[in-house]
Every structure is written in C-alpha cells, then in structure tokens.
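Participant: Supplied in structure tokens, the structure appears directly below.
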Amino acid sequence: MLQNINILEVINIALKAGSAVMQVYRKDFTVEYKDDKSPLTEADKRAHKIIVDGLSKISPFPTLSEEGKNIPYEERKKWQYYWLIDPIDGTKEFIKKNDEFTINIALIHKDTPVLGVVLAPAINELYYAKKEEGAYKVMLDDECWMLDEKDLHKAQKLPLNDSTSNNENSTLTIVASKSHLNQETQEFIDKLTSNTENSTFISKGSSLKLLMVAEGSADVYPRLAPTMEWDTAAADAVVRESGKMTYEYNQQFNIQNSSPLKYNKEDLLNPWFVVK
C-alpha cells in the first residue's frame, strides 16, 4: 500500500496548501477561537480543504485532521493506513507572523508514521521522508508552489551533519518550544546540561523542532508538555528516517527503556516525549 503512494504528489499538495496559506499570511486576517480556546484562521481552513481534497484523489485512505470532524475511536482503530494532517502547525506563530509555522501531512500505518511531508512556507523549507527510503530537505525558491522529479534530485539527505557524534569539545544543542517552555521541560534541560561543559539552547516554534534533530542542527528536543498526534506525526516520520527517534518520556528516561511514540490511540493527546 505504501509503495503505491508517490511522495511527489503529497509534496505538491502541501505546496498548493502553502500557496493559499501565504496569501492569508501576507495580509491582515481575523482570528477565531475554537471550543478548546486554540486559535483558528482562514489559512487553517483553506489549507485543510486543499489537503483533504488532494489526498482523496491520490489514495483511498481516510483522513484525520486537526480541523476535521471528530472520528470515533471505534471507527479509527480499524484503519490500517490513514492520513494524519495539521493544516497549520504553530498557529500562534502564524498569528505572531514570526515565520515559524508548518504544514504537516503524515501517512500512518497502524500506529507508526511511515511517510511525512513538512512544509515551512514562510522560510522556503521542505522536508519529506518515506519508510526505508530516507529523509530529505529541499530549499525552495521563492514562490515555488510545485516541484517535479528533477527538483527532488537536488534534495539533501538527512542528517545534514551528525551532531550526535559528540566529542569532548563539542556543544550539546537543545531545542525546545517557543510558546510552551514549562517548568518540567526546564528541569529536564537543567539536568541534561548539568554535566555538560558546553551547551546551547534554541527556542523554536511548531514541528521545526523535531526537524532540527532530524537534520542534525540540534541534539535533543524534550517536549514535557501537551501536544496532539497531528502536531508531531509528519515530522516524526522524517525524524525516524533520519536515524533518530521520538521516544515516550518517563521519569527514569533513557533510550534503552523508552518506547517510540505511538499514533491512533483512543486519546489523540501525545504523552510527553523526547526526540533524540
């Protein structure tokens, strides 16, 4: 089933959504608030429609979207493959106009992301991955809203540099949320850096944090705060194909006793996690 999906088609769906999103981003826009108090803009709605319509034309798989209708677990748990999308991840960053938002499209097989496309349209960056085919980054030209096969030949394979092969003179680089840096995360960072002579902290919005670990520009991303499955799935696919992993966090956290993040749970809220 996965082999029948042409990732270029998914990329171009994301780019079409990116074009619509940027049209809204460049002008004044109104902000609504959903029942859970999270913000919603015209860009979220436009991107949702473009992505859902586009995916329905290239595959028979169902779609679960942050901006879609609530689908009961009794129905979802039967799905073998499904699309999991966040039309705009980092809506708060979108509203602030700081460019740190993404468009996320993931394909999930049972409980695991096996394909991911993440577009950061305001900074012209595109990341994509497909299981057993590697993870890649493309720097886009301005106003580039469609790619072809030759464009993918220019893609850079991830990681771009192996920051995880630290030597004693290297710096531990930690990336964390721009909008959700809580006490628990700060304590984790303090513990992590207590025995490290050189450390750097970077604050970043949206799924760009996972992608920094995937490309090797950060060593670790702790998220000891709430996220939803659609916030992480697409970038998580890129992380996994880059040779890294998104681990569920526990109090005695270490990689050896931690499980990879799982998807299509009854509760779509992610547990706390660490990307490394």
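Ligands are numbered from 1 in the order shown, chains are lettered A, B, ... in the order of the structure tokens, and residues start at 1 in each chain.
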Each residue of range 94-179 of chain A lying at most 10 Å from range 257-261 of chain A should get a row with its shortest atom-to-atom pair and the distance in Å to one decimal, counting only C-alpha atoms; could you produce that, ordered by chain and increasing number, as CSV?

Facilitator:
residue,atom,partner,partner_atom,distance
A:Asp111,CA,A:Leu261,CA,8.6
A:Thr112,CA,A:Leu261,CA,8.0
A:Pro113,CA,A:Leu261,CA,9.5

Participant: Pick out the residues sitting within 12 Å of Ile71 in chain A, and hand them over as a PyMOL selection string; count only C-alpha atoms, and ignore anything fewer than 5 positions along from it in its own chain.

Facilitator: chain A and resi 62-66+76-79+264-268

Participant: Between A:Pro60, A:Pro121, A:Pro226, A:Gly68, which is the closest to Cys144 in chain A once you count only C-alpha atoms?

Facilitator: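 Once distances to Cys144 in chain A are computed over only C-alpha atoms, the minimum belongs to A:Pro121.
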
Participant: What residues in range 113-182 of chain A get the DSSP label strand (DSSP E)? Please answer as a ChimeraX atom specification.

Facilitator: /A:113-120,125-130,135-139,156-157,172-177

Participant: Write the residues of the selection above to a file with C-alpha atoms, as a PDB file, in the first residue's frame.

Facilitator:
ATOM      1  CA  PRO A 113       4.244   7.215  10.772  1.00  0.00           C
ATOM      2  CA  VAL A 114       5.618   5.803   7.503  1.00  0.00           C
ATOM      3  CA  LEU A 115       5.553   8.916   5.311  1.00  0.00           C
ATOM      4  CA  GLY A 116       5.843  12.566   6.187  1.00  0.00           C
ATOM      5  CA  VAL A 117       5.875  15.894   4.362  1.00  0.00           C
ATOM      6  CA  VAL A 118       6.513  19.097   6.299  1.00  0.00           C
ATOM      7  CA  LEU A 119       6.473  22.473   4.570  1.00  0.00           C
ATOM      8  CA  ALA A 120       7.619  25.685   6.242  1.00  0.00           C
ATOM      9  CA  GLU A 125      11.975  24.845   3.591  1.00  0.00           C
ATOM     10  CA  LEU A 126      10.521  21.439   2.746  1.00  0.00           C
ATOM     11  CA  TYR A 127      11.220  18.144   4.493  1.00  0.00           C
ATOM     12  CA  TYR A 128       9.985  14.733   3.434  1.00  0.00           C
ATOM     13  CA  ALA A 129      10.504  11.067   4.230  1.00  0.00           C
ATOM     14  CA  LYS A 130       9.157   7.672   3.274  1.00  0.00           C
ATOM     15  CA  ALA A 135      14.673  11.608   4.875  1.00  0.00           C
ATOM     16  CA  TYR A 136      15.387  14.729   2.826  1.00  0.00           C
ATOM     17  CA  LYS A 137      15.365  18.512   2.891  1.00  0.00           C
ATOM     18  CA  VAL A 138      14.737  20.845  -0.050  1.00  0.00           C
ATOM     19  CA  MET A 139      15.439  24.567  -0.015  1.00  0.00           C
ATOM     20  CA  GLN A 156      19.773  16.917   0.733  1.00  0.00           C
ATOM     21  CA  LYS A 157      19.736  13.629   2.620  1.00  0.00           C
ATOM     22  CA  LEU A 172      25.165  19.885  23.269  1.00  0.00           C
ATOM     23  CA  THR A 173      22.404  21.706  21.395  1.00  0.00           C
ATOM     24  CA  ILE A 174      18.912  21.575  22.854  1.00  0.00           C
ATOM     25  CA  VAL A 175      15.823  22.881  21.097  1.00  0.00           C
ATOM     26  CA  ALA A 176      12.512  23.474  22.852  1.00  0.00           C
ATOM     27  CA  SER A 177       9.193  25.212  22.393  1.00  0.00           C
TER      28      SER A 177
END

Participant: Could you pull out the helix (DSSP H, G or I) residues of range 85-247 of chain A, going by DSSP on the backbone, and write them as a PyMOL selection string?

Facilitator: chain A and resi 91-96+149-152+183-193+208-215+229-241

Participant: Closest to Pro39 in chain A among A:Asn104, A:Asn195, A:Thr91, A:Ser19, using only C-alpha atoms?

Facilitator: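 Distance minimum relative to Pro39 in chain A lands on A:Thr91.
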
Participant: If you count only C-alpha atoms, which residues fall within 8 Å of His109 in chain A, apart from same-chain ones fewer than 6 positions away, as a PyMOL selection string?

Facilitator: chain A and resi 80-82

Participant: Return the single residue from A:Tyr73, A:Trp83, A:Phe29, A:Tyr263 that is closest to Asp44 in chain A, with distances computed using only C-alpha atoms.

Facilitator: A:Phe29

Participant: Find, counting only C-alpha atoms, the residue in A:Ala122, A:Ile58, A:Ala235, A:Ala20 that gets nearest to Glu42 in chain A.

Facilitator: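 Answer, going by the shortest atom-to-atom distance: A:Ala20.
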
Participant: Kindly assemble as a Markdown table a list of the range 130-205 of chain A residues that lie within 8 Å of range 242-245 of chain A, each paired with its nearest atom pair and their distance in Å to one decimal, using only C-alpha atoms, sorted first by chain and then by ascending residue number.

Facilitator:
| residue | atom | partner | partner_atom | distance |
| --- | --- | --- | --- | --- |
| A:Gly134 | CA | A:Ser242 | CA | 6.4 |
| A:Ala135 | CA | A:Ser242 | CA | 5.4 |
| A:Leu158 | CA | A:Ser242 | CA | 5.3 |
| A:Pro159 | CA | A:Ser242 | CA | 5.7 |

Participant: Those same residues - N, CA, C and O atoms - I'd like them written as a compact mmCIF listing (two decimals), in the first residue's frame.

Facilitator:
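Everything below was put into out-v2.txt:
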# COMPACT_ATOMS: atom_id res chain seq x y z
N GLY A 134 14.63 6.95 3.25
CA GLY A 134 15.41 8.06 3.74
C GLY A 134 14.60 9.33 3.97
O GLY A 134 13.42 9.42 3.63
N ALA A 135 15.27 10.30 4.58
CA ALA A 135 14.67 11.61 4.87
C ALA A 135 15.46 12.68 4.15
O ALA A 135 16.69 12.59 4.02
N LEU A 158 19.13 13.63 4.97
CA LEU A 158 19.30 13.92 6.39
C LEU A 158 19.90 12.72 7.11
O LEU A 158 19.64 11.58 6.72
N PRO A 159 20.68 12.95 8.18
CA PRO A 159 21.03 14.26 8.72
C PRO A 159 22.08 14.98 7.88
O PRO A 159 22.92 14.33 7.25

Participant: Need to verify the contact set: Val21 in chain A, 8 Å, only C-alpha atoms, exclusion of same-chain residues closer than 2 positions in sequence. Can you return it as a PyMOL selection string?

Facilitator: chain A and resi 17-19+23-25+43-44+46-47
